[in-house]
Protein chains: 2
Amino acid sequence: MARLTAGVDLGGTKIQTVVLSAHRVVGSSRAQTPRTGAEAVSAAIVDSIKAAIAAAGGTTASLAAVGIGSPGTIVAEAGTVSNSPNVPGFETVPVPLGPEVSRALGGVDVKLDNDVRVAVLGEWKRGAGRPYRDLLGVFVGTGVGGGLVLGGELREGRGAAGEVGHTTVKEGGRLCGCGLLGHVESYAGRARIEATARSWQQKGRKTKLFDIMRKRGRERVTSGVIAAALTRNDAVTTELIDGAVWALGLGLANVQNLLDLEAIIVGGGLGDRLGPPFVARIEKAAAPHLHVPERPPRFLPTELGDLSGAVGAAVLAGG
Amino acid sequence: MARLTAGVDLGGTKIQTVVLSAHRVVGSSRAQTPRTGAEAVSAAIVDSIKAAIAAAGGTTASLAAVGIGSPGTIVAEAGTVSNSPNVPGFETVPVPLGPEVSRALGGVDVKLDNDVRVAVLGEWKRGAGRPYRDLLGVFVGTGVGGGLVLGGELREGRGAAGEVGHTTVKEGGRLCGCGLLGHVESYAGRARIEATARSWQQKGRKTKLFDIMRKRGRERVTSGVIAAALTRNDAVTTELIDGAVWALGLGLANVQNLLDLEAIIVGGGLGDRLGPPFVARIEKAAAPHLHVPERPPRFLPTELGDLSGAVGAAVLAGG
């Protein structure tokens with residue numbers, strides 16, 4: 001059996017795992033993130049890796065390394081995760097996720113990094129970003145995350161680089177998930193879109209959004225719910241997505257004027273679901289704000305979709 | 001005589017030249033930029049280099065290399081400058097400034113780069129930026145220019161990186177020098193401050209700004225005129241500088257949230273004139289917008305002041 005590398009994208013709702021051989025995805029698995037604490041999450045990650053290896057027709061003996069992308073504060077050397085409010089058990093004190101997964105898999109090498117950064121790594125090395133040395137990956141999901149590749153290197157700053165979601169597009173504007181006002185995420189993040197729709201509904205505006213949500217058995221206005229409401233020309237949803245396009249257009253133009261990038265890749269749950277037409281609208285919204293309009297960046301959808309993070313995590317581990 | 005390196009900062013109003021020996025400024029000269037065309041500008045640069053060498057007690061025989069920072073479009077390999085609207089003779093077609101200066105100085109090596117980029121290089125290598133690998137230099141003068149050092153390298157992008165002056169802080173806001181609206185430069189650039197003061201005066205607001213300008217025999221509201229009006233508590237000037245502080249605070253916080261820099265250096269004609277208190281006000285204005293407020297960048301005034309560009313040009317040439 002060829003050498004296998006596993007990549008895990010740990011999220012608040014799901015664990016997505018892929019197994020690579022010779023840079024290609026040869027197996028994958030997906031599971032719900034357990035709600036019962038850090039040990040259960042750790043065990044579920046190990047199970048998902050074993051399932052993906054099995055799907056690839058391999059054995060754990062052929063597993064060379066594991067990469068994990070996680071939200072929260074990562075200390076790569078120690079393999080710990082903390083400050084991750086959406087992953088049960090990872091909210092506060094550091095969890096030694098790397099060592100635990102390693103031990104459960106017979107001592108295999110485990111590398112950890114931030115979930116957004118590994119997703120950018122995935123798109124850059126194996127997805128839409130392959131031709132470029134200077135790019136931004138922006139992930140429009142529950143929040144809006146971003147990561148930068150500059151001069152052919154993933155930029156970390158002092159750990160917090162790439163937060164395009166928390167740049168201001170309207171001072172004093174809509175509340176952001178971070179508590180400040182008028183950020184890109186205030187308008188484009190799924191959680192803020194949902195909260196704004198609820199507040200508008202309470203003020204008397206009619207929307208099909210929450211009917212669609214209930215009919216689908218969802219507790220949240222997912223990207224799929226938003227896409228369905230758009231298809232049915234729901235006025236509130238249309239206005240909210242217009243706002244997301246506006247905020248992303250203005251915020252990404254600011255990034256472009258500052259960094260003169262070759263490409264901007266738009267992904268994430270909502271970005272991937274709304275797809276190329278959404279990306280084209282953002283490109284059009286950014287255009288009037290570009291300082292060098294004759295040399296715009298390429299605006300691209302992701303190539304790996306919801307596997308960007310898992311593939312990037314495998315790349316992090318050498319896969 | 002030790003090896004000398006000359007650095008020239010070519011501007012629309014003046015030519016500032018320094019001569020370095022063993023990384024120290026050992027001579028300098030300053031002249032008005034001729035209004036009579038490219039040949040005259042070229043000759044004035046050569047004269048200023050000779051004058052700075054003479055001031056250092058040296059001879060042109062000891063001149064090892066020359067660096068020139070110029071506004072406009074630079075083709076470094078060819079040593080040409082074009083699209084520089086404020087330098088007479090350099091407005092449109094490429095002027096072979098590098099080869100001309102080289103020939104006049106007996107074939108010495110001449111390097112050219114963008115004026116803002118060399119100023120950042122100067123502050124980074126010989127000024128306030130020495131301890132850092134990740135910084136932004138923002139030059140608040142007639143316009144607002146900026147340059148980035150990321151991971152210990154001056155970032156060029158595709159030639160236009162660093163344009164923090166042309167990021168938006170208020171969509172649909174005040175007119176910028178570039179023709180778009182609501183940029184940092186719209187509020188913080190000296191030319192836009194002057195234009196806004198004129199327009200407010202025409203609408204009936206009283207200001208001492210233009211009296212001070214005339215009494216000083218100036219045709220423009222220079223940084224010195226602005227500083228004097230502030231000292232005299234001129235309400236219009238105070239409001240305009242409050243606006244500059246606000247725009248720089250918000251725009252620089254956006255940069256910080258995106259790049260997680262170690263330091264932001266504020267210089268330029270107006271920035272240097274208003275000095276450390278102005279920089280401290282910008283820092284305070286940025287603070288509420290920082291995504292990681294517990295780890296802000298250092299906000300620093302320049303160390304080299306109006307020599308940043310000339311020293312940086314000399315550094316470019318190996319000095």
# chains A, B, ... in the order shown; residues from 1 in each chain; ligands from 1

call {"tool": "residues_around", "arguments": {"residues": "Ser28 in chain B", "least_positions_apart": "5", "cutoff": "12 Å", "atoms": "only C-alpha atoms", "output": "PyMOL selection string"}}
result
chain B and resi 4-9+15-21+47-58+306-307+310-311+314

call {"tool": "interface_residues", "arguments": {"of": "chain B", "to": "chain A", "cutoff": "6 Å", "atoms": "only C-alpha atoms", "output": "tab-separated table (two decimals) with N, CA and C atoms, in the first residue's frame"}}
result
chain	number	residue	atom	x	y	z
B	157	GLY	N	3.84	43.62	-4.78
B	157	GLY	CA	2.67	43.15	-5.50
B	157	GLY	C	3.02	43.12	-6.98
B	160	ALA	N	1.88	47.84	-7.43
B	160	ALA	CA	1.00	48.83	-6.82
B	160	ALA	C	0.62	48.51	-5.38
B	161	ALA	N	1.41	47.68	-4.70
B	161	ALA	CA	1.04	47.34	-3.32
B	161	ALA	C	1.26	48.52	-2.38
B	162	GLY	N	0.50	48.56	-1.30
B	162	GLY	CA	0.72	49.55	-0.24
B	162	GLY	C	-0.19	50.75	-0.28
B	163	GLU	N	-1.11	50.79	-1.21
B	163	GLU	CA	-1.92	52.01	-1.41
B	163	GLU	C	-3.03	52.15	-0.35
B	164	VAL	N	-2.60	52.24	0.90
B	164	VAL	CA	-3.56	52.42	2.00
B	164	VAL	C	-4.34	53.72	1.84
B	167	THR	N	-7.76	53.17	0.16
B	167	THR	CA	-8.77	52.26	0.71
B	167	THR	C	-9.91	53.13	1.24
B	254	ASN	N	-8.04	48.71	9.69
B	254	ASN	CA	-8.37	47.70	8.68
B	254	ASN	C	-7.11	46.97	8.21
B	257	ASN	N	-5.98	44.62	10.96
B	257	ASN	CA	-6.81	43.42	11.09
B	257	ASN	C	-6.52	42.43	9.97
B	258	LEU	N	-6.14	42.94	8.82
B	258	LEU	CA	-5.82	42.07	7.70
B	258	LEU	C	-4.42	41.48	7.81
B	259	LEU	N	-3.46	42.25	8.31
B	259	LEU	CA	-2.05	41.84	8.20
B	259	LEU	C	-1.35	41.55	9.52
B	260	ASP	N	-1.94	41.94	10.64
B	260	ASP	CA	-1.34	41.65	11.96
B	260	ASP	C	0.12	42.10	12.01

call {"tool": "select_by_dssp", "arguments": {"residues": "range 105-180 of chain A", "states": "strand (DSSP E)", "output": "PyMOL selection string"}}
result
chain A and resi 109-114+135-140+144-150+153-154

call {"tool": "residues_around", "arguments": {"residues": "Leu270 in chain A", "least_positions_apart": "6", "cutoff": "9 Å", "atoms": "only C-alpha atoms", "output": "CSV table (one decimal) with N, CA and C atoms, in the first residue's frame"}}
result
chain,number,residue,atom,x,y,z
A,139,PHE,N,-13.4,32.9,3.2
A,139,PHE,CA,-14.4,31.8,3.4
A,139,PHE,C,-15.6,32.4,4.1
A,140,VAL,N,-16.7,32.4,3.3
A,140,VAL,CA,-17.9,33.0,3.7
A,140,VAL,C,-18.8,31.9,4.2
A,141,GLY,N,-18.8,31.7,5.6
A,141,GLY,CA,-19.6,30.7,6.2
A,141,GLY,C,-20.4,31.3,7.3
A,142,THR,N,-20.4,30.6,8.5
A,142,THR,CA,-21.1,31.2,9.7
A,142,THR,C,-20.5,32.6,10.0
A,188,ALA,N,-22.0,39.7,5.6
A,188,ALA,CA,-21.8,38.5,4.7
A,188,ALA,C,-21.8,37.2,5.5
A,189,GLY,N,-21.6,37.2,6.8
A,189,GLY,CA,-21.6,36.0,7.6
A,189,GLY,C,-23.0,35.4,7.8
A,190,ARG,N,-23.1,34.1,7.6
A,190,ARG,CA,-24.4,33.5,7.7
A,190,ARG,C,-25.1,33.7,9.0
A,222,THR,N,-29.4,27.6,7.2
A,222,THR,CA,-28.1,27.2,6.6
A,222,THR,C,-28.0,27.8,5.2
A,223,SER,N,-26.8,27.6,4.6
A,223,SER,CA,-26.5,28.1,3.3
A,223,SER,C,-27.6,27.6,2.3
A,224,GLY,N,-28.0,26.3,2.5
A,224,GLY,CA,-29.0,25.7,1.6
A,224,GLY,C,-30.3,26.4,1.7
A,226,ILE,N,-30.8,29.5,2.7
A,226,ILE,CA,-30.6,30.8,2.0
A,226,ILE,C,-30.7,30.7,0.5
A,227,ALA,N,-30.0,29.7,-0.1
A,227,ALA,CA,-30.1,29.5,-1.5
A,227,ALA,C,-31.5,29.2,-2.0

call {"tool": "atom_distance", "arguments": {"atom1": "CA of Val138 in chain B", "atom2": "CA of Gly12 in chain B"}}
result
18.7 Å

call {"tool": "atom_distance", "arguments": {"atom1": "CA of Leu304 in chain B", "atom2": "CA of Thr73 in chain B"}}
result
24.8 Å

call {"tool": "residues_around", "arguments": {"residues": "Phe210 in chain A", "least_positions_apart": "5", "cutoff": "9 Å", "atoms": "only C-alpha atoms", "output": "PyMOL selection string"}}
result
chain A and resi 197-198+215+220-221+225

call {"tool": "write_last_selection", "arguments": {"atoms": "N, CA and C atoms", "output": "CSV table (one decimal), in the first residue's frame"}}
result
chain,number,residue,atom,x,y,z
A,197,ALA,N,-32.2,38.8,9.6
A,197,ALA,CA,-33.5,38.4,9.0
A,197,ALA,C,-34.6,38.3,10.2
A,198,ARG,N,-34.1,37.7,11.3
A,198,ARG,CA,-35.0,37.6,12.5
A,198,ARG,C,-35.5,38.9,13.0
A,215,LYS,N,-39.3,23.6,7.3
A,215,LYS,CA,-39.7,22.6,6.4
A,215,LYS,C,-38.5,21.6,6.1
A,220,ARG,N,-31.1,26.1,12.0
A,220,ARG,CA,-30.4,27.3,11.6
A,220,ARG,C,-30.7,27.6,10.2
A,221,VAL,N,-30.6,28.8,9.8
A,221,VAL,CA,-30.7,29.2,8.4
A,221,VAL,C,-29.4,28.9,7.7
A,225,VAL,N,-30.7,26.7,3.0
A,225,VAL,CA,-31.9,27.5,3.2
A,225,VAL,C,-31.9,28.8,2.5

call {"tool": "residues_around", "arguments": {"residues": "Pro99 in chain B", "least_positions_apart": "5", "cutoff": "12 Å", "atoms": "only C-alpha atoms", "output": "ChimeraX atom specification"}}
result
/B:42,46,66,68,76-81,104-112

call {"tool": "select_by_dssp", "arguments": {"residues": "range 210-306 of chain A", "states": "helix (DSSP H, G or I)", "output": "number ranges by chain"}}
result
A: 210-215, 223-231, 235-259, 268-289, 305-306

call {"tool": "residues_around", "arguments": {"residues": "range 275-284 of chain B", "least_positions_apart": "2", "cutoff": "9 Å", "atoms": "only C-alpha atoms", "output": "NGL selection string"}}
result
:B and (244-250 or 252-253 or 265-267 or 270-273 or 286-288 or 297-302)

call {"tool": "write_last_selection", "arguments": {"atoms": "C-alpha atoms", "output": "PDB file, in the first residue's frame"}}
result
ATOM      1  CA  ALA B 244      -7.696  63.051   9.009  1.00  0.00           C
ATOM      2  CA  VAL B 245      -7.102  61.350  12.361  1.00  0.00           C
ATOM      3  CA  TRP B 246     -10.443  59.546  12.109  1.00  0.00           C
ATOM      4  CA  ALA B 247      -9.775  58.315   8.537  1.00  0.00           C
ATOM      5  CA  LEU B 248      -6.225  57.203   9.299  1.00  0.00           C
ATOM      6  CA  GLY B 249      -7.374  55.448  12.482  1.00  0.00           C
ATOM      7  CA  LEU B 250     -10.077  53.495  10.713  1.00  0.00           C
ATOM      8  CA  LEU B 252      -4.967  51.658   9.514  1.00  0.00           C
ATOM      9  CA  ALA B 253      -7.072  49.449  11.807  1.00  0.00           C
ATOM     10  CA  ILE B 265       5.187  54.214  10.917  1.00  0.00           C
ATOM     11  CA  VAL B 266       3.502  57.540  10.153  1.00  0.00           C
ATOM     12  CA  GLY B 267       5.488  60.133   8.201  1.00  0.00           C
ATOM     13  CA  LEU B 270       2.009  66.584   7.212  1.00  0.00           C
ATOM     14  CA  GLY B 271       2.683  63.522   9.389  1.00  0.00           C
ATOM     15  CA  ASP B 272       6.203  64.690  10.242  1.00  0.00           C
ATOM     16  CA  ARG B 273       5.116  68.292  10.829  1.00  0.00           C
ATOM     17  CA  ALA B 286      -7.485  53.000  15.558  1.00  0.00           C
ATOM     18  CA  ALA B 287      -7.708  51.234  18.924  1.00  0.00           C
ATOM     19  CA  PRO B 288     -11.501  50.676  19.093  1.00  0.00           C
ATOM     20  CA  PRO B 297       0.917  47.352  16.434  1.00  0.00           C
ATOM     21  CA  ARG B 298       3.382  49.998  17.578  1.00  0.00           C
ATOM     22  CA  PHE B 299       2.389  53.364  16.075  1.00  0.00           C
ATOM     23  CA  LEU B 300       5.607  55.287  15.456  1.00  0.00           C
ATOM     24  CA  PRO B 301       6.644  58.606  13.954  1.00  0.00           C
ATOM     25  CA  THR B 302       9.445  58.468  11.392  1.00  0.00           C
TER      26      THR B 302
END

call {"tool": "closest_residue", "arguments": {"among": "A:Pro85, A:Gly143, A:Gly37, A:Gly72", "to": "Glu185 in chain A", "atoms": "only C-alpha atoms"}}
result
A:Gly143

call {"tool": "atom_distance", "arguments": {"atom1": "CA of Gly98 in chain B", "atom2": "CA of Gly152 in chain B"}}
result
26.9 Å

call {"tool": "closest_residue", "arguments": {"among": "B:Ala285, B:Leu175, B:Val315, B:Ala191", "to": "Arg24 in chain B", "atoms": "only C-alpha atoms"}}
result
B:Val315
